[in-house]
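Visitor: Below is the structure I would like to discuss, written out as structure tokens.
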Amino acid sequence: MRGCLRAALTVALAVCALGGPRLVAQAQAAPGDQAMIRIAHFSPDASYVDVYMVSLNRKQLFPNVFYKGVSAYWKLAAGPFTYEVRPAGATPESAPAIRVTGRLEAGRAYTVAAVGRKAELRGVLFRDDMSPSAPGKAKIRFLAAAIDLPLVDIAIAGGRTLSSGVAFPEPTGYAQLASGTYKVEVRRSGAEAVLVKGNVAVRPGTVTSVALLGGAGKPRELYAFGDATGTRVAPSGGIRTGAGGTAPSSRAPAAPVPLTAVATVGLLAAVAALRVATSTRRARA
Amino acid sequence: MGTRRPPTPASPALARPGRVLTALGVLALILALGSCAVPPAQSAGPGAIAPAPGPAPAADVDGAARGGAADPAGPQSGGDVPATPPEAPGFEVAGAPRQVTVPGPASPPVRLTIAAIRVATPLVRLGRERDGSMQVPADFAQAGWFAEGLVPGEVGPAVIAGHVDSKTGPAVFFRLRELHPGDTVQVERADGAHLQFVVEQARSFPKATFPTAEVFGPAPWAALRLVTCGGDFDRARGSYRDNLVVFARLSRVSR
């Protein structure tokens, strides 16, 4: 019986050894070691593309991603990743138009986007900030992805400047705004000339990205999409959800010892007992 | 959490050392085989790229798209892109995980059912106390929804709290600690929508350092957090030291 078991275990271990790297990949996909990512397509004249995402635990193909397409976020293993873009329908073996490699940090969120003219397509990895806004406020940031624009300032019409001197293809920092609809103007940096304008509505607790898009025949525009939504005003501290009726009345016993530790101790004790028994017998003999 | 485990019948195998060894061996075997099982989407050879998997492979750990309906992977009309309101983060890209939300106006949740731990409770509305902390249900047998926050089914974290015990015995969320990733939680709303959430993880935090941002902060999908107490009971304060938080994500909606 024991021999059988050992053989089976050996086989199992051998099988695992063959699948080693995969094991590692799965181990690294634990919830705490994951990042969030989404893809976006902001190249105005590269109409359809195939996007390839290769990470530790997955190889994914998103076919026929179109201009202004922004996916939902999904989780994937933190660690190295590769992002490749090919013209729609191109074979996976062909040279990609874009290839970006990088590392995703656990617990962070990212947007990876194709930007620029078709002839000079490039990939950008934006870091998205999912931390809460101030109570009652909304967070908003801009992605300068329109081609052929000079350095720009982004401001609320008749109000404050949210970001100045923004260059393609940079993200701005996040600004906090009260709930409402804002007339946003994109101006030539340091000048009054408005290059693009549009309305952006935000609700408290939300995180919004606004891409500045266009060029190469496509209209210039502000294109808003949500990143995430949080609680408008979160309560503070822990939550008092227990009165203690099932808590042990005396001093709490020691934390439970993991089963394996129990088994190991038991095994050692058994071996020790056996040894003692044997030596006793010998002594008698 | 550590000091109070739910009553589980003692395994008869534990009574006999020989059986324990065999059981451990079998367990090791199962673990070893299980951990090298190859999810279907990963079976493509090195260098090959699996075609659009729709939602994530079912065997994947993240559960990001688990339970979501399959996406049509075909091309989408390029000229027909709807303007995306900020409350709907991203829209669908073929092959990308699908965003499950409840369309239409938000409607309050009225009932919570968790078959795995035999919870079936109406939901009361909860706000904040004067000190800014979250109110808790007055009835130990009922759970409550944080009504100043988000509604289950809209993007962001909806929060439901229930007591682990009263002064005399177990309360509505006594068995919350038994929930595991993959378990499902049902929420019924006043508009008749039935929402199914899938548990992604369960974690304990000291109340003194309660992670408000993680529990109440921005989430990119429709999420649910179930909160109760755990850890040691501080008799001087009449309060448990920890909060147990179950993180779940919307996976299905039916009417």
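Order determines the names: the first chain of the structure tokens is A, the second B, and so forth; residues in each chain are numbered 1 upward, and ligands are numbered 1 upward as they are shown.
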Residues within 10 Å of Pro157 of chain B, please, as a PyMOL selection string. Count only C-alpha atoms; anything in the same chain fewer than 4 positions from it doesn't count.

Guide: (chain A and resi 228-231) or (chain B and resi 149-153+214-225+247-249)

Visitor: May I have a table of the residues of chain A lying at most 6 Å from chain B, giving each one's closest pair of atoms and their distance in Å to one decimal, counting only C-alpha atoms, ordered by chain and ascending residue number, as a Markdown table?

Guide:
```
| residue | atom | partner | partner_atom | distance |
| --- | --- | --- | --- | --- |
| A:Leu9 | CA | B:Leu29 | CA | 5.8 |
| A:Ala12 | CA | B:Leu33 | CA | 5.9 |
| A:Cys16 | CA | B:Cys36 | CA | 5.6 |
| A:Lys59 | CA | B:Ile49 | CA | 5.6 |
| A:Leu61 | CA | B:Ala52 | CA | 5.0 |
| A:Phe62 | CA | B:Gly95 | CA | 5.0 |
| A:Asn64 | CA | B:Pro75 | CA | 5.5 |
| A:Phe66 | CA | B:Gly78 | CA | 5.8 |
| A:Val70 | CA | B:Gly90 | CA | 5.1 |
| A:Ser71 | CA | B:Gly90 | CA | 5.0 |
| A:Ala72 | CA | B:Gly90 | CA | 4.7 |
| A:Trp74 | CA | B:Ala64 | CA | 5.9 |
| A:Met130 | CA | B:Pro218 | CA | 5.8 |
| A:Pro132 | CA | B:Gly217 | CA | 5.0 |
| A:Phe225 | CA | B:Pro86 | CA | 4.8 |
| A:Gly226 | CA | B:Pro89 | CA | 3.9 |
| A:Asp227 | CA | B:Pro89 | CA | 5.0 |
| A:Ala228 | CA | B:Pro220 | CA | 4.0 |
| A:Thr229 | CA | B:Pro218 | CA | 4.5 |
| A:Gly230 | CA | B:Pro218 | CA | 3.5 |
| A:Thr231 | CA | B:Gly149 | CA | 5.0 |
| A:Pro235 | CA | B:Ser133 | CA | 4.9 |
| A:Ser236 | CA | B:Ser133 | CA | 4.7 |
| A:Gly237 | CA | B:Phe210 | CA | 5.7 |
| A:Gly238 | CA | B:Lys207 | CA | 4.4 |
| A:Thr241 | CA | B:His163 | CA | 4.1 |
| A:Gly242 | CA | B:His163 | CA | 4.9 |
| A:Ala243 | CA | B:Ser166 | CA | 4.8 |
| A:Gly244 | CA | B:Lys167 | CA | 5.6 |
| A:Gly245 | CA | B:Lys167 | CA | 4.0 |
| A:Thr246 | CA | B:Gly169 | CA | 5.4 |
| A:Ala255 | CA | B:Gly2 | CA | 5.5 |
```

Visitor: Near Pro109 of chain B, within 6 Å and counting only C-alpha atoms, which residues show up once chain neighbours fewer than 2 positions away are dropped, as JSON, numbers by chain?

Guide: {"B": [188, 189, 190]}

Visitor: Atom CA of Ala134 of chain A and atom CA of Pro204 of chain A are how many Å apart?

Guide: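 Computing the Euclidean distance for atom CA of Ala134 of chain A and atom CA of Pro204 of chain A yields 9.0 Å.
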
Visitor: Using only C-alpha atoms, which residue out of A:Arg240, A:Arg108, A:Arg122, A:Lys197 lies closest to Val85 of chain A?

Guide: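 Using only C-alpha atoms, the shortest distance to Val85 of chain A belongs to A:Arg122.
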
Visitor: Can you check which residues of segment 16-188 of chain A DSSP gives as strand (DSSP E) on the backbone and send them as number ranges by chain?

Guide: A: 34-41, 48-55, 59-66, 74-77, 79-87, 98-104, 109-115, 122-128, 137-144, 152-156, 161-166, 175-178, 180-188

Visitor: Applying 6 Å and only C-alpha atoms, which residues near segment 32-38 of chain A remain after dropping the ones on its own chain fewer than 3 positions away? List them as a list in words.

Guide: Ala29, Ser71, Ala72, Tyr73, Trp74, Lys75, Leu76, Ala77, Ala78, Ala106, Gly107, Arg108, Ala109, Tyr110 and Thr111 of chain A

Visitor: Can you pull out every residue within 10 Å of Ala97 of chain A, counting only C-alpha atoms, but drop anything in the same chain fewer than 4 positions away, and send it as a list in words?

Guide: Val49, Glu84, Val85, Arg86, Pro87, Ala114, Lys118, Ala119, Glu120, Leu121, Arg122 and Gly123 of chain A

Visitor: For Val184 of chain A, work out the shell of residues within 10 Å, counting only C-alpha atoms and skipping chain neighbours fewer than 6 positions away, then give it as JSON, numbers by chain.

Guide: {"A": [154, 155, 156, 157, 158, 159, 161, 162, 194, 196, 197, 198, 199, 200, 222]}

Visitor: For atom CA of Arg188 of chain A and atom CA of Leu143 of chain A, determine how far apart the two atoms are, in Å to one decimal place.

Guide: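 Interatomic distance here is 15.6 Å.
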